[in-house]
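> Structure: target-v8.txt, compact mmCIF, C-alpha atoms.
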```txt
# COMPACT_ATOMS: atom_id res chain seq x y z
CA MET F 1 53.52 52.57 102.60
CA LYS F 2 53.73 56.12 101.31
CA THR F 3 55.47 54.74 98.22
CA ASP F 4 52.54 52.36 97.63
CA ARG F 5 50.14 55.26 97.89
CA LEU F 6 52.22 57.28 95.44
CA GLN F 7 52.23 54.38 92.98
CA GLN F 8 48.43 54.20 93.15
CA GLN F 9 48.11 57.94 92.64
CA LEU F 10 50.47 57.91 89.68
CA ARG F 11 48.60 54.96 88.18
CA PHE F 12 45.35 56.97 88.42
CA LEU F 13 46.98 60.05 86.89
CA ALA F 14 48.29 57.97 83.98
CA GLU F 15 44.90 56.30 83.49
CA ILE F 16 42.98 59.56 83.20
CA ASP F 17 45.36 60.74 80.48
CA GLN F 18 42.89 58.94 78.20
CA LEU F 19 40.33 61.69 78.81
CA LYS F 20 42.36 63.74 76.30
CA SER F 21 41.21 61.29 73.63
CA VAL F 22 37.49 61.39 74.46
CA LEU F 23 35.87 63.62 71.87
CA ARG F 24 32.79 65.74 72.46
CA ARG F 25 30.32 66.98 69.85
CA THR F 26 31.36 70.59 70.36
CA THR F 27 34.22 72.01 68.31
CA LEU F 28 36.93 74.48 69.17
CA ILE F 29 35.83 78.03 68.46
CA ASP F 30 38.05 78.11 65.36
CA LYS F 31 36.14 74.99 64.15
CA SER F 32 39.43 73.19 63.45
CA ARG F 33 38.45 70.02 65.31
CA LEU F 34 36.20 68.49 67.97
CA GLU F 35 36.92 69.41 71.55
CA ASN F 36 38.06 66.70 73.98
CA SER F 37 36.79 66.22 77.52
CA ALA F 38 40.10 67.04 79.23
CA GLU F 39 40.45 70.49 77.68
CA HIS F 40 36.71 71.05 78.22
CA SER F 41 37.27 70.29 81.93
CA TRP F 42 40.06 72.87 82.07
CA HIS F 43 37.86 75.45 80.37
CA VAL F 44 34.88 74.99 82.72
CA ALA F 45 37.05 75.03 85.85
CA LEU F 46 38.54 78.37 84.85
CA MET F 47 35.11 79.63 83.76
CA ALA F 48 33.77 78.91 87.25
CA LEU F 49 36.38 81.26 88.70
CA VAL F 50 36.07 84.01 86.10
CA LEU F 51 32.26 84.14 86.28
CA ALA F 52 32.08 83.78 90.09
CA GLU F 53 30.36 87.13 90.62
CA HIS F 54 27.30 85.97 88.68
CA ARG F 55 26.41 83.20 91.14
CA ASP F 56 23.15 83.57 93.06
CA THR F 57 24.40 81.80 96.21
CA GLU F 58 26.72 84.08 98.14
CA ASP F 59 28.77 81.48 100.02
CA LEU F 60 30.16 78.95 97.61
CA ASP F 61 33.17 76.76 98.38
CA PHE F 62 35.09 77.38 95.16
CA LEU F 63 37.72 74.77 95.85
CA ARG F 64 34.93 72.19 95.88
CA VAL F 65 33.42 73.66 92.71
CA VAL F 66 36.73 73.47 90.88
CA LYS F 67 37.51 69.95 92.12
CA MET F 68 34.11 68.78 90.88
CA LEU F 69 34.70 70.29 87.47
CA LEU F 70 38.17 68.79 87.17
CA ILE F 71 36.82 65.28 87.80
CA HIS F 72 33.24 65.49 86.51
CA ASP F 73 34.04 63.86 83.16
CA ILE F 74 36.75 61.34 84.00
CA VAL F 75 34.27 58.45 83.95
CA GLU F 76 34.18 59.04 80.19
CA VAL F 77 37.54 57.26 80.02
CA ASP F 78 35.41 54.09 80.23
CA ALA F 79 31.92 55.30 79.38
CA GLY F 80 32.64 57.70 76.52
CA ASP F 81 31.01 61.07 76.00
CA THR F 82 27.24 60.97 75.61
CA PHE F 83 25.83 63.66 73.34
CA CYS F 84 23.34 65.57 75.47
CA TYR F 85 20.66 65.57 72.74
CA ASP F 86 20.91 61.80 72.09
CA ILE F 87 17.89 60.41 73.99
CA GLU F 88 18.70 56.73 73.38
CA ALA F 89 22.32 56.95 74.53
CA ASN F 90 21.29 58.89 77.62
CA ARG F 91 19.03 56.06 78.85
CA ASP F 92 21.83 53.92 80.26
CA LYS F 93 24.32 56.76 80.71
CA LEU F 94 24.10 56.84 84.51
CA GLN F 95 24.68 53.11 84.89
CA ARG F 96 27.66 53.12 82.53
CA GLU F 97 29.14 56.10 84.30
CA CYS F 98 28.64 54.65 87.79
CA GLU F 99 30.47 51.48 86.80
CA ALA F 100 33.27 53.63 85.42
CA ALA F 101 33.42 55.69 88.62
CA ASP F 102 33.64 52.47 90.66
CA ARG F 103 36.65 51.32 88.67
CA ILE F 104 38.53 54.57 88.19
CA PHE F 105 38.29 56.11 91.65
CA ARG F 106 39.26 52.75 93.20
CA LEU F 107 42.65 53.02 91.51
CA LEU F 108 43.45 55.57 94.23
CA PRO F 109 44.20 54.97 97.91
CA ASP F 110 40.84 54.53 99.66
CA ASP F 111 40.72 57.92 101.39
CA VAL F 112 41.70 59.92 98.29
CA GLY F 113 39.44 57.88 96.03
CA SER F 114 36.36 58.10 98.23
CA ASP F 115 36.87 61.85 98.63
CA LEU F 116 36.84 62.32 94.85
CA ARG F 117 34.06 59.80 94.37
CA SER F 118 31.80 61.65 96.80
CA LEU F 119 32.49 64.87 94.89
CA TRP F 120 31.56 63.12 91.67
CA ASP F 121 28.33 61.84 93.29
CA GLU F 122 27.60 65.34 94.60
CA PHE F 123 27.94 66.73 91.09
CA GLU F 124 25.68 64.03 89.64
CA GLU F 125 23.03 64.45 92.34
CA GLN F 126 22.95 68.25 92.02
CA ALA F 127 22.01 68.50 95.67
CA THR F 128 24.30 71.36 96.75
CA PRO F 129 24.75 74.96 95.54
CA GLU F 130 28.35 74.04 94.60
CA ALA F 131 27.13 71.18 92.40
CA GLN F 132 24.47 73.38 90.80
CA TYR F 133 26.94 76.15 90.03
CA ALA F 134 29.49 73.66 88.68
CA SER F 135 26.83 72.09 86.49
CA ALA F 136 25.76 75.50 85.20
CA MET F 137 29.35 76.04 84.02
CA ASP F 138 29.37 72.62 82.37
CA ARG F 139 26.21 73.56 80.47
CA LEU F 140 27.25 77.10 79.64
CA GLN F 141 30.60 76.19 78.09
CA PRO F 142 29.32 74.37 74.97
CA ILE F 143 26.77 77.16 74.47
CA LEU F 144 29.64 79.66 74.41
CA GLN F 145 31.59 77.48 71.99
CA ASN F 146 28.56 77.53 69.71
CA LEU F 147 27.84 81.23 70.09
CA ASN F 148 31.44 81.99 69.12
CA SER F 149 31.48 79.70 66.09
CA GLN F 150 28.24 80.57 64.26
CA GLY F 151 26.53 77.69 66.07
CA ASN F 152 28.93 75.22 64.48
CA ALA F 153 27.94 72.07 66.44
CA TRP F 154 24.27 73.13 66.62
CA GLN F 155 24.10 73.44 62.86
CA GLN F 156 25.94 70.16 62.24
CA HIS F 157 23.45 68.28 64.41
CA SER F 158 20.31 70.25 63.43
CA ILE F 159 19.62 71.30 67.00
CA ARG F 160 16.40 73.18 67.76
CA ARG F 161 16.13 76.29 69.92
CA GLU F 162 13.74 74.52 72.27
CA GLN F 163 16.21 71.69 72.88
CA VAL F 164 18.88 74.13 74.02
CA LEU F 165 16.50 75.98 76.31
CA SER F 166 14.96 72.85 77.79
CA ARG F 167 18.27 71.04 78.27
CA ASN F 168 20.01 73.97 79.93
CA ARG F 169 17.20 75.50 81.95
CA HIS F 170 18.77 74.68 85.27
CA ILE F 171 21.58 77.18 84.65
CA GLY F 172 18.98 79.51 86.14
CA GLU F 173 19.09 77.65 89.45
CA ALA F 174 22.70 78.72 89.90
CA SER F 175 22.64 82.11 88.18
CA GLN F 176 19.59 83.98 86.97
CA SER F 177 21.73 86.55 85.16
CA LEU F 178 23.67 83.90 83.22
CA TRP F 179 20.43 82.15 82.31
CA ASP F 180 18.95 85.46 81.12
CA TYR F 181 22.05 85.91 78.99
CA VAL F 182 21.65 82.41 77.52
CA LYS F 183 17.99 83.00 76.67
CA ARG F 184 18.79 86.29 74.89
CA SER F 185 21.71 84.73 73.03
CA VAL F 186 19.74 81.67 71.96
CA THR F 187 17.03 83.93 70.54
CA GLU F 188 19.65 85.89 68.59
CA ALA F 189 21.26 82.64 67.41
CA THR F 190 17.91 81.41 66.18
CA ASP F 191 17.31 84.67 64.32
CA LYS F 192 20.67 84.14 62.60
CA GLY F 193 19.68 80.61 61.60
CA TRP F 194 22.21 78.85 63.82
CA LEU F 195 19.40 76.99 65.62
CA ILE F 196 16.15 75.65 64.18
CA ASP F 197 13.14 77.57 65.42
CA MET K 1 27.32 97.61 84.09
CA LYS K 2 27.12 93.97 85.14
CA THR K 3 26.32 93.11 81.51
CA ASP K 4 29.48 94.92 80.39
CA ARG K 5 31.49 92.93 82.89
CA LEU K 6 29.93 89.69 81.67
CA GLN K 7 30.77 90.59 78.07
CA GLN K 8 34.40 91.15 79.02
CA GLN K 9 34.54 87.86 80.91
CA LEU K 10 32.99 85.96 78.00
CA ARG K 11 35.42 87.60 75.60
CA PHE K 12 38.32 86.40 77.75
CA LEU K 13 36.88 82.87 77.97
CA ALA K 14 36.51 82.74 74.19
CA GLU K 15 40.05 84.09 73.66
CA ILE K 16 41.69 81.45 75.82
CA ASP K 17 39.98 78.70 73.81
CA GLN K 18 43.07 79.04 71.61
CA LEU K 19 45.17 77.38 74.32
CA LYS K 20 43.66 74.10 73.08
CA SER K 21 45.64 74.59 69.86
CA VAL K 22 49.02 75.32 71.47
CA LEU K 23 51.04 72.13 71.19
CA ARG K 24 53.70 71.01 73.64
CA ARG K 25 56.63 68.69 72.95
CA THR K 26 55.20 65.99 75.20
CA THR K 27 52.83 63.41 73.74
CA LEU K 28 49.80 61.70 75.18
CA ILE K 29 50.76 58.49 76.98
CA ASP K 30 49.38 56.44 74.07
CA LYS K 31 51.78 58.42 71.80
CA SER K 32 48.93 59.20 69.38
CA ARG K 33 49.65 62.92 69.23
CA LEU K 34 51.30 65.89 70.94
CA GLU K 35 49.63 67.18 74.06
CA ASN K 36 48.16 70.68 74.08
CA SER K 37 48.55 73.25 76.83
CA ALA K 38 44.86 73.31 77.83
CA GLU K 39 44.63 69.59 78.56
CA HIS K 40 48.05 69.76 80.23
CA SER K 41 46.65 72.48 82.51
CA TRP K 42 43.71 70.26 83.44
CA HIS K 43 46.06 67.38 84.19
CA VAL K 44 48.37 69.36 86.46
CA ALA K 45 45.50 70.98 88.37
CA LEU K 46 44.04 67.57 89.17
CA MET K 47 47.51 66.20 89.91
CA ALA K 48 48.02 68.94 92.52
CA LEU K 49 44.95 67.67 94.38
CA VAL K 50 45.65 63.96 94.04
CA LEU K 51 49.29 64.27 95.21
CA ALA K 52 48.54 66.78 97.97
CA GLU K 53 49.80 64.54 100.77
CA HIS K 54 53.33 64.59 99.35
CA ARG K 55 53.81 68.34 99.85
CA ASP K 56 56.44 69.42 102.36
CA THR K 57 54.60 72.60 103.45
CA GLU K 58 51.70 71.71 105.70
CA ASP K 59 49.48 74.74 105.12
CA LEU K 60 48.93 75.26 101.44
CA ASP K 61 46.02 77.22 100.01
CA PHE K 62 44.92 74.69 97.40
CA LEU K 63 42.41 77.00 95.76
CA ARG K 64 45.31 79.32 94.97
CA VAL K 65 47.43 76.40 93.76
CA VAL K 66 44.70 75.22 91.41
CA LYS K 67 43.92 78.72 90.13
CA MET K 68 47.61 79.21 89.32
CA LEU K 69 47.77 75.95 87.43
CA LEU K 70 44.61 76.71 85.46
CA ILE K 71 46.06 80.02 84.23
CA HIS K 72 49.81 79.37 84.24
CA ASP K 73 50.00 78.68 80.50
CA ILE K 74 47.37 80.99 79.01
CA VAL K 75 50.02 83.48 77.91
CA GLU K 76 50.98 80.84 75.35
CA VAL K 77 47.92 81.90 73.35
CA ASP K 78 50.18 84.76 72.19
CA ALA K 79 53.67 83.58 73.10
CA GLY K 80 53.47 79.90 72.11
CA ASP K 81 54.91 77.01 74.08
CA THR K 82 58.67 77.19 74.66
CA PHE K 83 60.39 73.80 74.83
CA CYS K 84 62.10 73.70 78.21
CA TYR K 85 65.37 72.33 76.75
CA ASP K 86 65.60 74.97 73.99
CA ILE K 87 68.12 77.45 75.39
CA GLU K 88 67.81 79.99 72.56
CA ALA K 89 64.00 80.19 72.70
CA ASN K 90 64.09 80.52 76.47
CA ARG K 91 66.17 83.71 76.30
CA ASP K 92 63.29 86.05 75.45
CA LYS K 93 60.56 83.81 76.86
CA LEU K 94 59.83 85.99 79.88
CA GLN K 95 59.46 89.16 77.86
CA ARG K 96 57.15 87.52 75.32
CA GLU K 97 55.06 86.04 78.06
CA CYS K 98 54.80 89.28 80.04
CA GLU K 99 53.53 91.10 76.96
CA ALA K 100 51.00 88.33 76.47
CA ALA K 101 49.90 88.52 80.11
CA ASP K 102 49.45 92.29 79.74
CA ARG K 103 47.12 91.82 76.81
CA ILE K 104 45.16 88.74 77.86
CA PHE K 105 44.41 89.54 81.50
CA ARG K 106 43.38 93.07 80.47
CA LEU K 107 40.49 91.61 78.50
CA LEU K 108 38.83 91.06 81.90
CA PRO K 109 37.26 93.66 84.20
CA ASP K 110 40.11 95.30 86.13
CA ASP K 111 39.52 93.57 89.47
CA VAL K 112 39.17 90.08 88.02
CA GLY K 113 42.08 90.58 85.62
CA SER K 114 44.48 91.93 88.22
CA ASP K 115 43.60 89.10 90.60
CA LEU K 116 44.53 86.51 87.96
CA ARG K 117 47.55 88.51 86.80
CA SER K 118 48.96 88.61 90.30
CA LEU K 119 48.51 84.84 90.56
CA TRP K 120 50.34 84.46 87.26
CA ASP K 121 53.16 86.69 88.57
CA GLU K 122 53.26 84.69 91.80
CA PHE K 123 53.70 81.49 89.81
CA GLU K 124 56.45 83.01 87.68
CA GLU K 125 58.30 84.45 90.67
CA GLN K 126 58.14 81.21 92.65
CA ALA K 127 58.14 83.21 95.86
CA THR K 128 55.42 81.35 97.80
CA PRO K 129 54.99 77.70 98.85
CA GLU K 130 51.83 77.60 96.69
CA ALA K 131 53.78 78.73 93.61
CA GLN K 132 56.57 76.23 94.34
CA TYR K 133 54.15 73.35 94.74
CA ALA K 134 52.23 74.36 91.60
CA SER K 135 55.46 74.56 89.66
CA ALA K 136 56.53 71.14 90.92
CA MET K 137 53.31 69.72 89.44
CA ASP K 138 53.98 71.52 86.15
CA ARG K 139 57.44 69.91 86.03
CA LEU K 140 56.34 66.48 87.20
CA GLN K 141 53.55 66.03 84.65
CA PRO K 142 55.71 65.78 81.47
CA ILE K 143 58.07 63.45 83.35
CA LEU K 144 55.12 61.16 84.06
CA GLN K 145 54.03 61.35 80.42
CA ASN K 146 57.50 60.21 79.43
CA LEU K 147 57.81 57.50 82.08
CA ASN K 148 54.49 56.04 80.89
CA SER K 149 55.41 56.12 77.19
CA GLN K 150 58.92 54.61 77.10
CA GLY K 151 60.36 58.13 77.22
CA ASN K 152 58.65 59.00 73.96
CA ALA K 153 59.37 62.77 73.88
CA TRP K 154 62.77 62.34 75.54
CA GLN K 155 63.85 59.89 72.87
CA GLN K 156 62.50 62.01 70.03
CA HIS K 157 64.50 65.02 71.21
CA SER K 158 67.61 63.11 72.39
CA ILE K 159 67.34 64.39 75.93
CA ARG K 160 70.08 63.60 78.41
CA ARG K 161 69.55 62.35 81.96
CA GLU K 162 71.44 65.34 83.34
CA GLN K 163 69.13 67.79 81.54
CA VAL K 164 66.06 66.29 83.19
CA LEU K 165 67.64 66.31 86.63
CA SER K 166 69.02 69.83 86.33
CA ARG K 167 65.85 71.29 84.82
CA ASN K 168 63.51 69.77 87.39
CA ARG K 169 65.62 69.92 90.53
CA HIS K 170 63.34 72.42 92.23
CA ILE K 171 60.57 69.80 92.51
CA GLY K 172 62.53 69.00 95.67
CA GLU K 173 61.75 72.45 97.11
CA ALA K 174 58.06 71.54 97.21
CA SER K 175 58.26 67.80 97.87
CA GLN K 176 61.35 65.83 98.78
CA SER K 177 59.53 62.52 98.34
CA LEU K 178 58.36 63.37 94.82
CA TRP K 179 61.86 64.51 93.90
CA ASP K 180 63.30 61.27 95.27
CA TYR K 181 60.79 59.41 93.11
CA VAL K 182 61.84 61.41 90.03
CA LYS K 183 65.53 60.74 90.63
CA ARG K 184 64.94 56.99 90.98
CA SER K 185 62.71 56.91 87.91
CA VAL K 186 65.13 58.92 85.78
CA THR K 187 67.92 56.49 86.67
CA GLU K 188 65.71 53.55 85.66
CA ALA K 189 64.69 55.34 82.45
CA THR K 190 68.36 55.91 81.61
CA ASP K 191 69.12 52.23 82.23
CA LYS K 192 66.36 51.38 79.76
CA GLY K 193 67.83 53.72 77.16
CA TRP K 194 64.98 56.25 77.23
CA LEU K 195 67.40 59.01 78.24
CA ILE K 196 71.01 59.53 77.15
CA ASP K 197 73.47 58.95 79.98
```
Translate this structure into structure tokens?

Amino acid sequence: MKTDRLQQQLRFLAEIDQLKSVLRRTTLIDKSRLENSAEHSWHVALMALVLAEHRDTEDLDFLRVVKMLLIHDIVEVDAGDTFCYDIEANRDKLQRECEAADRIFRLLPDDVGSDLRSLWDEFEEQATPEAQYASAMDRLQPILQNLNSQGNAWQQHSIRREQVLSRNRHIGEASQSLWDYVKRSVTEATDKGWLID
Amino acid sequence: MKTDRLQQQLRFLAEIDQLKSVLRRTTLIDKSRLENSAEHSWHVALMALVLAEHRDTEDLDFLRVVKMLLIHDIVEVDAGDTFCYDIEANRDKLQRECEAADRIFRLLPDDVGSDLRSLWDEFEEQATPEAQYASAMDRLQPILQNLNSQGNAWQQHSIRREQVLSRNRHIGEASQSLWDYVKRSVTEATDKGWLID
């Protein structure tokens, strides 16, 4: 019985290895290549811990935050990464990702799978302070990649200042000080020509 | 003051982006390329949660386990990855990595940096059940990559069965059932010719 459960868990862990091959639009800071969703997930999970003091909600369950960030993108194994500024591709994003979640989390024993699935739903629904803080990290990370690489992905995709501000506004729901930082930095980036005014 | 702290934290988060360019000897399961240490760190952190029920110590602080796994390799930004079966390179590994830890964790505000540094030390010293379980995950992950890819890295580096068993024996200190699984699987892998007998 326990061996069956282990086999299911190992099958899941092998399946999600594919997340290392899902490419995002953001590059590494050194601009050498596109970032993948697995290393992005590592970066945001660690970011959530390092920036903890900037949260606006005092009592956050950080284990839940980190779990959410470790799994938030694994549906991309089936659904692919959807560029946040691609309106057309974002139309059916939720449906594609829900189908992927159904398949991937069901590889696990029921109790483990439904625990992770409910965390994934919580992140998507943005209903808890943990989900809002986790999402703020997910939004902040590509901004930092851009700010540290002369707006490399922004420039490649001709992104406008207003798109970045509008898309990422809800960082302010989790951390006013981080959102203030983003607004200042986006203004400076626009002045430098990294974003279109 | 808080802005200074944020600048230090963002500097650290930008610095560790380089971990995405540190290559390990293990490949992705699809054999398309070598794995990097950032995506490996994501994989082991999630593995620690998914395999939690196989631990032998009932009360583990999983937030500490996951934190350790998220940071356990960041010294490689300076020190590089050391192949576990390379005896010569492993001689001065600890010194190189300690110097790296000194530099990298000191990029952070003192309190945040010393918190993470002590977790890194805890992992290295293997003195707590959390560190032992985290380390078991770190050892198990490349074994799973090999078992799912016809022993791809093992075959490339002519690894012997006895090396894998001797190197990874302490998985059994954290989980007897996972170690039993590894022993069985290594025997099967040897029978298939993926490891040298």
> Which of these, F:Leu23, F:Ile29, F:Val50, F:Leu70, has the shortest distance to Gln8 in chain K once you count all atoms listed in the file?
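The closest residue to Gln8 in chain K is F:Val50.
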> Counting only C-alpha atoms, which residues from chain K have an atom at most 6 Å from any atom of chain F, and could you show them as a list in words?
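Result, ordered by chain then number: Ala38, Glu39, Trp42 and Leu63 of chain K.
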> Would you mind reading off the distance between CA of His170 in chain F and CA of Tyr85 in chain F, one decimal, in Å?
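Between CA of His170 in chain F and CA of Tyr85 in chain F the gap works out to 15.6 Å.
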> One decimal, Å: what's the distance from CA of Thr27 in chain K over to CA of Ser166 in chain K, could you say?
21.5 Å
> Mind pulling up the distance from CA of Ala89 in chain K to CA of Asn152 in chain K?
21.9 Å
> Using all atoms listed in the file, which residue out of K:Asp180, K:Asp138, K:Glu99, K:Glu125 lies closest to Glu76 in chain K?
K:Glu99
> Can you pull out every residue within 12 Å of Leu165 in chain K, counting only C-alpha atoms, but drop anything in the same chain fewer than 2 positions away, and send it as a compact mmCIF listing (two decimals) with C-alpha atoms, in the coordinates of the input?

```
# COMPACT_ATOMS: atom_id res chain seq x y z
CA TYR K 85 65.37 72.33 76.75
CA ARG K 139 57.44 69.91 86.03
CA LEU K 140 56.34 66.48 87.20
CA ILE K 143 58.07 63.45 83.35
CA ILE K 159 67.34 64.39 75.93
CA ARG K 160 70.08 63.60 78.41
CA ARG K 161 69.55 62.35 81.96
CA GLU K 162 71.44 65.34 83.34
CA GLN K 163 69.13 67.79 81.54
CA ARG K 167 65.85 71.29 84.82
CA ASN K 168 63.51 69.77 87.39
CA ARG K 169 65.62 69.92 90.53
CA HIS K 170 63.34 72.42 92.23
CA ILE K 171 60.57 69.80 92.51
CA GLY K 172 62.53 69.00 95.67
CA TRP K 179 61.86 64.51 93.90
CA ASP K 180 63.30 61.27 95.27
CA TYR K 181 60.79 59.41 93.11
CA VAL K 182 61.84 61.41 90.03
CA LYS K 183 65.53 60.74 90.63
CA ARG K 184 64.94 56.99 90.98
CA SER K 185 62.71 56.91 87.91
CA VAL K 186 65.13 58.92 85.78
CA THR K 187 67.92 56.49 86.67
CA THR K 190 68.36 55.91 81.61
CA LEU K 195 67.40 59.01 78.24
CA ASP K 197 73.47 58.95 79.98
```
> Using all atoms of range 136-144 of chain F listed in the file and a margin of 6 Å per side, can you give the axis-aligned box centre and edge lengths in Å to one decimal, as AutoDock Vina command-line options?

```
--center_x 28.2 --center_y 76.1 --center_z 79.8 --size_x 16.8 --size_y 19.0 --size_z 22.8
```
